[in-house]
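*Asks:* Got run.pdb for you, PDB, C-alpha atoms and all ligand atoms:
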ATOM      1  CA  MET A 214     -82.321-202.914  33.016  1.00  0.00           C
ATOM      2  CA  VAL A 215     -85.537-203.585  34.912  1.00  0.00           C
ATOM      3  CA  SER A 216     -87.697-206.280  33.338  1.00  0.00           C
ATOM      4  CA  LEU A 217     -91.430-206.184  32.647  1.00  0.00           C
ATOM      5  CA  GLY A 218     -93.987-208.671  33.905  1.00  0.00           C
ATOM      6  CA  VAL A 219     -97.313-208.177  32.128  1.00  0.00           C
ATOM      7  CA  ASN A 220    -100.426-208.929  34.167  1.00  0.00           C
ATOM      8  CA  ILE A 221    -103.123-210.269  31.823  1.00  0.00           C
ATOM      9  CA  ASP A 222    -105.971-210.662  34.348  1.00  0.00           C
ATOM     10  CA  HIS A 223    -108.044-207.990  32.604  1.00  0.00           C
ATOM     11  CA  VAL A 224    -108.164-210.042  29.406  1.00  0.00           C
ATOM     12  CA  ALA A 225    -109.912-212.737  31.416  1.00  0.00           C
ATOM     13  CA  THR A 226    -112.148-210.068  32.995  1.00  0.00           C
ATOM     14  CA  VAL A 227    -113.537-209.210  29.546  1.00  0.00           C
ATOM     15  CA  ARG A 228    -114.081-212.899  28.780  1.00  0.00           C
ATOM     16  CA  GLN A 229    -115.832-213.551  32.093  1.00  0.00           C
ATOM     17  CA  ALA A 230    -118.135-210.549  31.572  1.00  0.00           C
ATOM     18  CA  ARG A 231    -119.937-212.835  29.084  1.00  0.00           C
ATOM     19  CA  ARG A 232    -118.833-216.189  30.517  1.00  0.00           C
ATOM     20  CA  ALA A 233    -117.509-216.725  26.980  1.00  0.00           C
ATOM     21  CA  VAL A 234    -114.342-218.302  25.568  1.00  0.00           C
ATOM     22  CA  GLU A 235    -112.832-215.102  24.166  1.00  0.00           C
ATOM     23  CA  PRO A 236    -110.644-213.157  24.534  1.00  0.00           C
ATOM     24  CA  ASP A 237    -108.312-215.917  25.668  1.00  0.00           C
ATOM     25  CA  PRO A 238    -105.567-214.862  28.119  1.00  0.00           C
ATOM     26  CA  VAL A 239    -103.419-217.597  26.600  1.00  0.00           C
ATOM     27  CA  ALA A 240    -103.437-215.767  23.245  1.00  0.00           C
ATOM     28  CA  ALA A 241    -102.791-212.508  25.118  1.00  0.00           C
ATOM     29  CA  ALA A 242     -99.711-214.009  26.752  1.00  0.00           C
ATOM     30  CA  VAL A 243     -98.301-214.928  23.328  1.00  0.00           C
ATOM     31  CA  LEU A 244     -98.828-211.368  22.045  1.00  0.00           C
ATOM     32  CA  ALA A 245     -97.374-209.837  25.223  1.00  0.00           C
ATOM     33  CA  GLU A 246     -94.260-211.964  24.776  1.00  0.00           C
ATOM     34  CA  LEU A 247     -94.008-210.934  21.102  1.00  0.00           C
ATOM     35  CA  GLY A 248     -94.143-207.323  22.322  1.00  0.00           C
ATOM     36  CA  GLY A 249     -91.205-207.965  24.630  1.00  0.00           C
ATOM     37  CA  ALA A 250     -92.745-208.990  27.965  1.00  0.00           C
ATOM     38  CA  ASP A 251     -90.152-210.624  30.182  1.00  0.00           C
ATOM     39  CA  GLY A 252     -92.773-212.458  32.187  1.00  0.00           C
ATOM     40  CA  ILE A 253     -96.507-213.161  32.384  1.00  0.00           C
ATOM     41  CA  THR A 254     -98.420-212.621  35.622  1.00  0.00           C
ATOM     42  CA  VAL A 255    -101.868-213.943  36.500  1.00  0.00           C
ATOM     43  CA  HIS A 256    -103.839-213.774  39.727  1.00  0.00           C
ATOM     44  CA  LEU A 257    -105.955-216.849  40.421  1.00  0.00           C
ATOM     45  CA  ARG A 258    -108.460-215.427  42.874  1.00  0.00           C
ATOM     46  CA  GLU A 259    -110.446-217.518  45.298  1.00  0.00           C
ATOM     47  CA  ASP A 260    -113.689-216.299  43.657  1.00  0.00           C
ATOM     48  CA  ARG A 261    -112.338-216.984  40.120  1.00  0.00           C
ATOM     49  CA  ARG A 262    -113.641-213.618  38.940  1.00  0.00           C
ATOM     50  CA  HIS A 263    -111.203-213.456  36.021  1.00  0.00           C
ATOM     51  CA  ILE A 264    -108.423-216.028  35.649  1.00  0.00           C
ATOM     52  CA  GLN A 265    -109.685-219.644  35.735  1.00  0.00           C
ATOM     53  CA  ASP A 266    -107.828-222.809  36.738  1.00  0.00           C
ATOM     54  CA  ARG A 267    -107.728-223.856  33.078  1.00  0.00           C
ATOM     55  CA  ASP A 268    -105.852-220.655  32.169  1.00  0.00           C
ATOM     56  CA  VAL A 269    -103.116-221.318  34.690  1.00  0.00           C
ATOM     57  CA  HIS A 270    -102.656-224.894  33.499  1.00  0.00           C
ATOM     58  CA  VAL A 271    -102.539-223.926  29.804  1.00  0.00           C
ATOM     59  CA  LEU A 272    -100.258-220.925  30.437  1.00  0.00           C
ATOM     60  CA  ARG A 273     -97.826-223.226  32.232  1.00  0.00           C
ATOM     61  CA  GLU A 274     -97.468-225.086  28.928  1.00  0.00           C
ATOM     62  CA  THR A 275     -97.378-222.068  26.604  1.00  0.00           C
ATOM     63  CA  VAL A 276     -95.535-219.229  28.366  1.00  0.00           C
ATOM     64  CA  ARG A 277     -92.022-218.974  26.982  1.00  0.00           C
ATOM     65  CA  THR A 278     -90.705-216.337  29.415  1.00  0.00           C
ATOM     66  CA  HIS A 279     -91.678-216.953  33.034  1.00  0.00           C
ATOM     67  CA  LEU A 280     -95.024-217.441  34.698  1.00  0.00           C
ATOM     68  CA  ASN A 281     -95.684-215.575  37.938  1.00  0.00           C
ATOM     69  CA  LEU A 282     -98.745-216.896  39.787  1.00  0.00           C
ATOM     70  CA  GLU A 283    -100.292-214.380  42.168  1.00  0.00           C
ATOM     71  CA  MET A 284    -102.438-215.953  44.857  1.00  0.00           C
ATOM     72  CA  ALA A 285    -103.580-215.845  48.452  1.00  0.00           C
ATOM     73  CA  ALA A 286    -101.665-217.951  50.987  1.00  0.00           C
ATOM     74  CA  THR A 287    -104.487-220.486  51.380  1.00  0.00           C
ATOM     75  CA  ALA A 288    -104.253-224.297  51.444  1.00  0.00           C
ATOM     76  CA  GLU A 289    -106.280-224.498  48.199  1.00  0.00           C
ATOM     77  CA  MET A 290    -103.970-222.132  46.317  1.00  0.00           C
ATOM     78  CA  VAL A 291    -100.773-223.690  47.661  1.00  0.00           C
ATOM     79  CA  ALA A 292    -102.017-227.100  46.433  1.00  0.00           C
ATOM     80  CA  ILE A 293    -102.721-225.660  42.956  1.00  0.00           C
ATOM     81  CA  ALA A 294     -99.291-223.997  42.803  1.00  0.00           C
ATOM     82  CA  LEU A 295     -97.560-227.228  43.821  1.00  0.00           C
ATOM     83  CA  GLN A 296     -99.334-228.962  40.950  1.00  0.00           C
ATOM     84  CA  VAL A 297     -98.818-226.249  38.296  1.00  0.00           C
ATOM     85  CA  LYS A 298     -95.281-225.273  39.333  1.00  0.00           C
ATOM     86  CA  PRO A 299     -95.154-221.673  38.085  1.00  0.00           C
ATOM     87  CA  ASP A 300     -91.706-220.084  37.814  1.00  0.00           C
ATOM     88  CA  TYR A 301     -92.536-218.174  40.953  1.00  0.00           C
ATOM     89  CA  VAL A 302     -95.460-217.370  43.190  1.00  0.00           C
ATOM     90  CA  THR A 303     -96.380-213.936  44.525  1.00  0.00           C
ATOM     91  CA  LEU A 304     -98.439-214.105  47.705  1.00  0.00           C
ATOM     92  CA  VAL A 305    -101.000-211.308  47.945  1.00  0.00           C
ATOM     93  CA  PRO A 306    -103.796-210.430  50.384  1.00  0.00           C
ATOM     94  CA  GLU A 307    -107.275-211.039  49.019  1.00  0.00           C
ATOM     95  CA  LYS A 308    -110.673-209.708  49.984  1.00  0.00           C
ATOM     96  CA  ARG A 309    -113.794-210.707  48.096  1.00  0.00           C
ATOM     97  CA  THR A 310    -115.222-207.203  48.103  1.00  0.00           C
ATOM     98  CA  GLU A 311    -112.164-205.400  46.720  1.00  0.00           C
ATOM     99  CA  VAL A 312    -111.998-204.247  43.095  1.00  0.00           C
ATOM    100  CA  THR A 313    -108.259-204.979  42.959  1.00  0.00           C
ATOM    101  CA  THR A 314    -105.569-205.861  45.509  1.00  0.00           C
ATOM    102  CA  GLU A 315    -105.792-202.976  47.955  1.00  0.00           C
ATOM    103  CA  GLY A 316    -102.871-203.122  50.351  1.00  0.00           C
ATOM    104  CA  GLY A 317     -99.780-205.208  50.901  1.00  0.00           C
ATOM    105  CA  LEU A 318     -99.688-208.441  52.889  1.00  0.00           C
ATOM    106  CA  ASP A 319     -99.417-208.046  56.656  1.00  0.00           C
ATOM    107  CA  VAL A 320     -96.450-210.381  57.087  1.00  0.00           C
ATOM    108  CA  VAL A 321     -95.868-209.151  60.666  1.00  0.00           C
ATOM    109  CA  VAL A 322     -99.264-210.430  61.814  1.00  0.00           C
ATOM    110  CA  GLY A 323     -99.416-213.420  59.446  1.00  0.00           C
ATOM    111  CA  LEU A 324     -95.791-214.512  59.828  1.00  0.00           C
ATOM    112  CA  SER A 325     -96.524-218.067  60.872  1.00  0.00           C
ATOM    113  CA  SER A 326     -99.092-218.939  58.155  1.00  0.00           C
ATOM    114  CA  ILE A 327     -97.243-217.006  55.436  1.00  0.00           C
ATOM    115  CA  GLY A 328     -93.944-218.577  56.536  1.00  0.00           C
ATOM    116  CA  GLN A 329     -95.504-222.035  56.225  1.00  0.00           C
ATOM    117  CA  ALA A 330     -96.777-221.332  52.702  1.00  0.00           C
ATOM    118  CA  VAL A 331     -93.341-219.983  51.708  1.00  0.00           C
ATOM    119  CA  GLU A 332     -91.658-223.074  53.110  1.00  0.00           C
ATOM    120  CA  ARG A 333     -93.946-225.526  51.308  1.00  0.00           C
ATOM    121  CA  LEU A 334     -93.622-223.747  47.956  1.00  0.00           C
ATOM    122  CA  GLN A 335     -89.881-223.156  48.124  1.00  0.00           C
ATOM    123  CA  ALA A 336     -89.263-226.761  49.268  1.00  0.00           C
ATOM    124  CA  ALA A 337     -90.899-227.728  45.943  1.00  0.00           C
ATOM    125  CA  GLY A 338     -88.508-225.444  44.036  1.00  0.00           C
ATOM    126  CA  ILE A 339     -90.947-222.533  43.541  1.00  0.00           C
ATOM    127  CA  PRO A 340     -89.415-219.215  44.675  1.00  0.00           C
ATOM    128  CA  VAL A 341     -91.873-217.012  46.569  1.00  0.00           C
ATOM    129  CA  SER A 342     -92.351-213.250  46.446  1.00  0.00           C
ATOM    130  CA  LEU A 343     -94.346-211.371  49.104  1.00  0.00           C
ATOM    131  CA  PHE A 344     -96.368-208.329  47.995  1.00  0.00           C
ATOM    132  CA  ILE A 345     -95.804-205.762  50.754  1.00  0.00           C
ATOM    133  CA  ASP A 346     -95.941-202.052  51.424  1.00  0.00           C
ATOM    134  CA  PRO A 347     -92.558-200.276  51.616  1.00  0.00           C
ATOM    135  CA  ASN A 348     -92.546-200.533  55.403  1.00  0.00           C
ATOM    136  CA  PRO A 349     -89.418-201.504  57.428  1.00  0.00           C
ATOM    137  CA  GLU A 350     -91.298-203.894  59.750  1.00  0.00           C
ATOM    138  CA  GLN A 351     -92.918-205.720  56.813  1.00  0.00           C
ATOM    139  CA  LEU A 352     -89.533-206.034  55.138  1.00  0.00           C
ATOM    140  CA  LYS A 353     -87.983-207.566  58.247  1.00  0.00           C
ATOM    141  CA  ALA A 354     -90.904-209.994  58.531  1.00  0.00           C
ATOM    142  CA  ALA A 355     -90.544-210.948  54.842  1.00  0.00           C
ATOM    143  CA  ALA A 356     -86.901-211.821  55.509  1.00  0.00           C
ATOM    144  CA  GLN A 357     -87.954-213.826  58.597  1.00  0.00           C
ATOM    145  CA  ALA A 358     -90.480-215.698  56.421  1.00  0.00           C
ATOM    146  CA  GLU A 359     -87.480-216.595  54.214  1.00  0.00           C
ATOM    147  CA  ALA A 360     -89.115-215.426  50.985  1.00  0.00           C
ATOM    148  CA  LYS A 361     -86.706-215.049  48.059  1.00  0.00           C
ATOM    149  CA  PHE A 362     -88.384-211.884  46.725  1.00  0.00           C
ATOM    150  CA  ILE A 363     -90.610-209.057  47.762  1.00  0.00           C
ATOM    151  CA  GLU A 364     -92.840-207.070  45.449  1.00  0.00           C
ATOM    152  CA  LEU A 365     -93.089-203.499  46.687  1.00  0.00           C
ATOM    153  CA  HIS A 366     -96.621-202.123  46.505  1.00  0.00           C
ATOM    154  CA  THR A 367     -96.401-198.955  44.405  1.00  0.00           C
ATOM    155  CA  GLY A 368    -100.090-198.032  44.854  1.00  0.00           C
ATOM    156  CA  ARG A 369     -99.462-195.139  47.263  1.00  0.00           C
ATOM    157  CA  TYR A 370     -96.838-193.733  44.892  1.00  0.00           C
ATOM    158  CA  ALA A 371     -99.264-194.072  41.960  1.00  0.00           C
ATOM    159  CA  ASP A 372    -102.155-192.494  43.873  1.00  0.00           C
ATOM    160  CA  ALA A 373    -100.151-189.606  45.372  1.00  0.00           C
ATOM    161  CA  PRO A 374    -102.250-186.427  45.055  1.00  0.00           C
ATOM    162  CA  ASN A 375     -99.345-184.102  44.192  1.00  0.00           C
ATOM    163  CA  GLU A 376     -95.644-184.032  43.301  1.00  0.00           C
ATOM    164  CA  VAL A 377     -94.472-183.516  46.899  1.00  0.00           C
ATOM    165  CA  GLU A 378     -96.343-186.601  48.107  1.00  0.00           C
ATOM    166  CA  ARG A 379     -95.212-188.564  45.073  1.00  0.00           C
ATOM    167  CA  ALA A 380     -91.560-187.721  45.773  1.00  0.00           C
ATOM    168  CA  LYS A 381     -92.068-188.834  49.374  1.00  0.00           C
ATOM    169  CA  GLU A 382     -93.550-192.167  48.256  1.00  0.00           C
ATOM    170  CA  LEU A 383     -90.723-192.656  45.754  1.00  0.00           C
ATOM    171  CA  ALA A 384     -88.214-192.111  48.577  1.00  0.00           C
ATOM    172  CA  TYR A 385     -89.989-194.812  50.648  1.00  0.00           C
ATOM    173  CA  LEU A 386     -89.703-197.190  47.684  1.00  0.00           C
ATOM    174  CA  ALA A 387     -85.991-196.377  47.304  1.00  0.00           C
ATOM    175  CA  GLY A 388     -85.342-196.872  51.030  1.00  0.00           C
ATOM    176  CA  ALA A 389     -87.321-200.111  51.083  1.00  0.00           C
ATOM    177  CA  THR A 390     -85.345-201.437  48.097  1.00  0.00           C
ATOM    178  CA  GLU A 391     -82.056-200.716  49.880  1.00  0.00           C
ATOM    179  CA  GLN A 392     -83.274-202.328  53.082  1.00  0.00           C
ATOM    180  CA  ALA A 393     -84.566-205.393  51.210  1.00  0.00           C
ATOM    181  CA  LEU A 394     -81.266-205.904  49.399  1.00  0.00           C
ATOM    182  CA  ALA A 395     -79.391-205.597  52.717  1.00  0.00           C
ATOM    183  CA  LEU A 396     -81.704-208.292  54.147  1.00  0.00           C
ATOM    184  CA  GLY A 397     -80.884-210.582  51.215  1.00  0.00           C
ATOM    185  CA  LEU A 398     -84.261-210.174  49.504  1.00  0.00           C
ATOM    186  CA  ARG A 399     -84.634-209.654  45.748  1.00  0.00           C
ATOM    187  CA  VAL A 400     -86.981-206.830  44.765  1.00  0.00           C
ATOM    188  CA  ASN A 401     -89.866-206.478  42.313  1.00  0.00           C
ATOM    189  CA  ALA A 402     -92.493-203.724  42.346  1.00  0.00           C
ATOM    190  CA  GLY A 403     -95.943-203.033  40.994  1.00  0.00           C
ATOM    191  CA  HIS A 404     -99.533-201.812  41.212  1.00  0.00           C
ATOM    192  CA  GLY A 405    -100.976-198.679  39.665  1.00  0.00           C
ATOM    193  CA  LEU A 406     -97.970-198.075  37.402  1.00  0.00           C
ATOM    194  CA  THR A 407     -98.746-196.365  34.091  1.00  0.00           C
ATOM    195  CA  TYR A 408     -96.939-195.037  30.991  1.00  0.00           C
ATOM    196  CA  TRP A 409     -96.864-191.658  32.749  1.00  0.00           C
ATOM    197  CA  ASN A 410     -95.694-192.538  36.257  1.00  0.00           C
ATOM    198  CA  VAL A 411     -93.471-195.576  35.765  1.00  0.00           C
ATOM    199  CA  SER A 412     -90.140-193.955  34.809  1.00  0.00           C
ATOM    200  CA  PRO A 413     -88.919-192.842  38.269  1.00  0.00           C
ATOM    201  CA  VAL A 414     -89.695-196.314  39.678  1.00  0.00           C
ATOM    202  CA  ALA A 415     -88.003-198.052  36.731  1.00  0.00           C
ATOM    203  CA  ARG A 416     -84.864-196.014  37.485  1.00  0.00           C
ATOM    204  CA  LEU A 417     -84.609-197.116  41.135  1.00  0.00           C
ATOM    205  CA  ALA A 418     -81.442-199.180  41.431  1.00  0.00           C
ATOM    206  CA  GLY A 419     -82.000-202.705  42.690  1.00  0.00           C
ATOM    207  CA  ILE A 420     -85.530-203.346  41.395  1.00  0.00           C
ATOM    208  CA  GLU A 421     -85.520-206.365  39.086  1.00  0.00           C
ATOM    209  CA  GLU A 422     -89.036-206.517  37.687  1.00  0.00           C
ATOM    210  CA  LEU A 423     -92.119-204.317  37.410  1.00  0.00           C
ATOM    211  CA  ASN A 424     -95.525-206.007  37.250  1.00  0.00           C
ATOM    212  CA  ILE A 425     -97.990-203.939  35.261  1.00  0.00           C
ATOM    213  CA  GLY A 426    -101.533-204.817  34.222  1.00  0.00           C
ATOM    214  CA  HIS A 427    -104.284-202.224  33.973  1.00  0.00           C
ATOM    215  CA  SER A 428    -102.421-199.502  32.081  1.00  0.00           C
ATOM    216  CA  ILE A 429    -101.067-201.903  29.453  1.00  0.00           C
ATOM    217  CA  ILE A 430    -104.378-203.692  28.858  1.00  0.00           C
ATOM    218  CA  ALA A 431    -106.229-200.345  28.722  1.00  0.00           C
ATOM    219  CA  ARG A 432    -103.879-199.162  25.960  1.00  0.00           C
ATOM    220  CA  ALA A 433    -104.058-202.559  24.253  1.00  0.00           C
ATOM    221  CA  VAL A 434    -107.819-202.153  23.745  1.00  0.00           C
ATOM    222  CA  LEU A 435    -106.990-199.165  21.541  1.00  0.00           C
ATOM    223  CA  VAL A 436    -103.659-200.008  19.896  1.00  0.00           C
ATOM    224  CA  GLY A 437    -103.255-203.769  20.300  1.00  0.00           C
ATOM    225  CA  LEU A 438    -101.430-205.706  22.978  1.00  0.00           C
ATOM    226  CA  GLU A 439     -98.130-206.265  21.217  1.00  0.00           C
ATOM    227  CA  ARG A 440     -97.722-202.536  20.596  1.00  0.00           C
ATOM    228  CA  ALA A 441     -98.875-201.597  24.104  1.00  0.00           C
ATOM    229  CA  VAL A 442     -96.262-203.895  25.644  1.00  0.00           C
ATOM    230  CA  ARG A 443     -93.544-202.637  23.285  1.00  0.00           C
ATOM    231  CA  GLU A 444     -94.352-199.048  24.239  1.00  0.00           C
ATOM    232  CA  MET A 445     -94.195-199.839  27.963  1.00  0.00           C
ATOM    233  CA  LYS A 446     -90.824-201.529  27.428  1.00  0.00           C
ATOM    234  CA  GLN A 447     -89.596-198.349  25.728  1.00  0.00           C
ATOM    235  CA  VAL A 448     -90.795-196.175  28.615  1.00  0.00           C
ATOM    236  CA  ILE A 449     -89.164-198.277  31.339  1.00  0.00           C
ATOM    237  CA  ARG A 450     -85.911-198.327  29.351  1.00  0.00           C
ATOM    238  CA  LEU A 451     -85.660-194.504  29.324  1.00  0.00           C
TER     239      LEU A 451
HETATM  240  N1  LIG A 501     -98.754-206.566  41.435  1.00  0.00           N
HETATM  241  C1  LIG A 501     -99.710-207.164  42.196  1.00  0.00           C
HETATM  242  C2  LIG A 501     -99.272-207.966  43.368  1.00  0.00           C
HETATM  243  C3  LIG A 501    -101.077-207.034  41.871  1.00  0.00           C
HETATM  244  O1  LIG A 501    -102.004-207.633  42.644  1.00  0.00           O
HETATM  245  C4  LIG A 501    -101.436-206.291  40.735  1.00  0.00           C
HETATM  246  C5  LIG A 501    -102.880-206.151  40.347  1.00  0.00           C
HETATM  247  O2  LIG A 501    -103.415-207.380  40.050  1.00  0.00           O
HETATM  248  C6  LIG A 501    -100.404-205.707  39.962  1.00  0.00           C
HETATM  249  C7  LIG A 501     -99.089-205.831  40.346  1.00  0.00           C
HETATM  250  C8  LIG A 501    -100.710-204.913  38.724  1.00  0.00           C
HETATM  251  O3  LIG A 501    -101.396-203.775  39.085  1.00  0.00           O
HETATM  252  P1  LIG A 501    -102.010-202.841  37.926  1.00  0.00           P
HETATM  253  O4  LIG A 501    -103.073-203.634  37.263  1.00  0.00           O
HETATM  254  O5  LIG A 501    -102.513-201.664  38.691  1.00  0.00           O
HETATM  255  O6  LIG A 501    -100.875-202.519  36.992  1.00  0.00           O
END
Show how you would write the structure in this file as structure tokens.

*Replies:*
Amino acid sequence: MVSLGVNIDHVATVRQARRAVEPDPVAAAVLAELGGADGITVHLREDRRHIQDRDVHVLRETVRTHLNLEMAATAEMVAIALQVKPDYVTLVPEKRTEVTTEGGLDVVVGLSSIGQAVERLQAAGIPVSLFIDPNPEQLKAAAQAEAKFIELHTGRYADAPNEVERAKELAYLAGATEQALALGLRVNAGHGLTYWNVSPVARLAGIEELNIGHSIIARAVLVGLERAVREMKQVIRL
């Protein structure tokens, strides 16, 4: 069965709205794990708009499942990851003006710098995942970069305007998963997944983990985080 990585960035977003100490993403991680999360994901952005360095350090000590650190492939972030040693790192593109991660990494164009970041992290025993669109050229480049995992960007699937387009995007995700496995890459997926659209993706053979943030935290505001995570686990199991 596909596992669930819960992205808790939005808990830190609420805290940072007041530059306060609560709600604490560390407490959120505990509740997410009690609800059945298989992993905890945080994105330490260059502008520190939500998750702070302190959160990553404390989560490293408290997370009982696995900690997935999302970050840009910059020298600063690689140095932090080498110090913190998360269970794995997901490299993502980052623009200061974006509301959330918009597209996948361009591994074709950035092969040399991304490859170097992958090499440094994996030499230190930290497996690396590359967040990419379900595109054959990006998949080949991810294999050339020698990443252990890819995370398929499901944003186009999630944003599809109608069922025909959604089916087309799902087929791209299925094809990309097959291609990735043939290239020796392990496969995760995420972005824009909700209680209503996740099932077809959760049923794609070969995907190991789904990373979901916004939809779970949005429900958690109303019903509590433990229950929101438990309900997402139920949906992806169906
Ligand atoms: N995967 C990656 C690489 C992301 O950057 C994000 C958003 O931070 C997610 C998954 C989760 O996306 P969402 O919040 O839309 O569930």

*Asks:* Which chains and residue numbers are within 9 Å of ligand LIG 501 (chain A), counting all atoms listed in the file, if I want them as a PyMOL selection string?

*Replies:* chain A and resi 218-223+254-256+283-284+303-307+313-317+343-345+364-368+371+401-407+423-430

*Asks:* Taking all atoms listed in the file into account, which of A:Met290, A:Ala415, A:Leu394, A:Val227 comes nearest Arg450 in chain A?

*Replies:*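 Once distances to Arg450 in chain A are computed over all atoms listed in the file, the minimum belongs to A:Ala415.
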
*Asks:* CA of Leu334 in chain A to CA of Gln265 in chain A: how many Å, to one decimal?

*Replies:*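 It comes out at 20.6 Å.
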
*Asks:* Please define a box with edges along x, y and z of the file around all atoms of range 361-378 of chain A given in the file, extend it by 4 Å on each side, and return its centre and edge lengths in Å to one decimal, as AutoDock Vina command-line options.

*Replies:*
--center_x -94.5 --center_y -199.3 --center_z 45.0 --size_x 23.5 --size_y 39.5 --size_z 14.1

*Asks:* Which residues, named as in the file, does the PyMOL selection byres (((chain A and resi 358) around 10) and not hetatm) pick out? Answer as a VMD selection string.

*Replies:* chain A and resid 320 to 321 323 to 332 343 352 to 357 359 to 361

*Asks:* Produce a file of the selected residues containing C-alpha atoms, as a compact mmCIF listing (two decimals), keeping the file's coordinate frame.

*Replies:*
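New file out.txt:
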# COMPACT_ATOMS: atom_id res chain seq x y z
CA VAL A 320 -96.45 -210.38 57.09
CA VAL A 321 -95.87 -209.15 60.67
CA GLY A 323 -99.42 -213.42 59.45
CA LEU A 324 -95.79 -214.51 59.83
CA SER A 325 -96.52 -218.07 60.87
CA SER A 326 -99.09 -218.94 58.16
CA ILE A 327 -97.24 -217.01 55.44
CA GLY A 328 -93.94 -218.58 56.54
CA GLN A 329 -95.50 -222.04 56.22
CA ALA A 330 -96.78 -221.33 52.70
CA VAL A 331 -93.34 -219.98 51.71
CA GLU A 332 -91.66 -223.07 53.11
CA LEU A 343 -94.35 -211.37 49.10
CA LEU A 352 -89.53 -206.03 55.14
CA LYS A 353 -87.98 -207.57 58.25
CA ALA A 354 -90.90 -209.99 58.53
CA ALA A 355 -90.54 -210.95 54.84
CA ALA A 356 -86.90 -211.82 55.51
CA GLN A 357 -87.95 -213.83 58.60
CA GLU A 359 -87.48 -216.60 54.21
CA ALA A 360 -89.12 -215.43 50.98
CA LYS A 361 -86.71 -215.05 48.06

*Asks:* Could you check how far CA of Gln351 in chain A sits from CA of Gly397 in chain A, in Å to one decimal?

*Replies:*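 Between these atoms lies a distance of 14.1 Å.
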
*Asks:* Could you check how far CA of Leu451 in chain A sits from CA of Glu378 in chain A, in Å to one decimal?

*Replies:*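 For CA of Leu451 in chain A relative to CA of Glu378 in chain A, the distance reads 23.0 Å.
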
*Asks:* From the set A:Val239, A:Met214, A:Ile264, A:Leu257, which residue has the shortest atom-to-atom contact distance to Thr226 in chain A, counting all atoms listed in the file?

*Replies:*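 The closest residue to Thr226 in chain A is A:Ile264.
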
*Asks:* May I ask which of the residues A:Asn348, A:Thr390, A:Ser216, A:Asn375 is the closest one to Phe362 in chain A, counting all atoms listed in the file?

*Replies:*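 Of A:Asn348, A:Thr390, A:Ser216, A:Asn375, the one nearest Phe362 in chain A, counting all atoms listed in the file, is A:Thr390.
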
*Asks:* Let me make sure I understand: among A:Arg416, A:Arg258, A:Arg379, A:His263, which one has the smallest atom-to-atom distance to Ala225 in chain A if we use only C-alpha atoms?

*Replies:* A:His263

*Asks:* If you apply the PyMOL selection byres (((chain A and resi 248) around 8) and not hetatm) to this file, what residues do you get, as a JSON list (two decimals) with C-alpha atoms, keeping the file's coordinate frame?

*Replies:*
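Saved file part-v3.json follows:
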[["chain", "number", "residue", "atom", "x", "y", "z"],
["A", 244, "LEU", "CA", -98.83, -211.37, 22.04],
["A", 245, "ALA", "CA", -97.37, -209.84, 25.22],
["A", 246, "GLU", "CA", -94.26, -211.96, 24.78],
["A", 247, "LEU", "CA", -94.01, -210.93, 21.10],
["A", 249, "GLY", "CA", -91.20, -207.96, 24.63],
["A", 250, "ALA", "CA", -92.74, -208.99, 27.96],
["A", 438, "LEU", "CA", -101.43, -205.71, 22.98],
["A", 439, "GLU", "CA", -98.13, -206.26, 21.22],
["A", 440, "ARG", "CA", -97.72, -202.54, 20.60],
["A", 441, "ALA", "CA", -98.88, -201.60, 24.10],
["A", 442, "VAL", "CA", -96.26, -203.90, 25.64],
["A", 443, "ARG", "CA", -93.54, -202.64, 23.28]]

*Asks:* With all atoms listed in the file as the basis for distance, which of A:Arg333, A:Arg232, A:Lys298, A:Lys308 is at the shortest distance from Glu259 in chain A?

*Replies:*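 Closest candidate: A:Lys308.
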
*Asks:* Identify which of the residues A:Glu382, A:Glu421, A:Asp372, A:Asp260 lies closest to Leu398 in chain A, counting all atoms listed in the file when measuring atom-to-atom distances.

*Replies:*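 That would be A:Glu421, the residue with the smallest distance to Leu398 in chain A.
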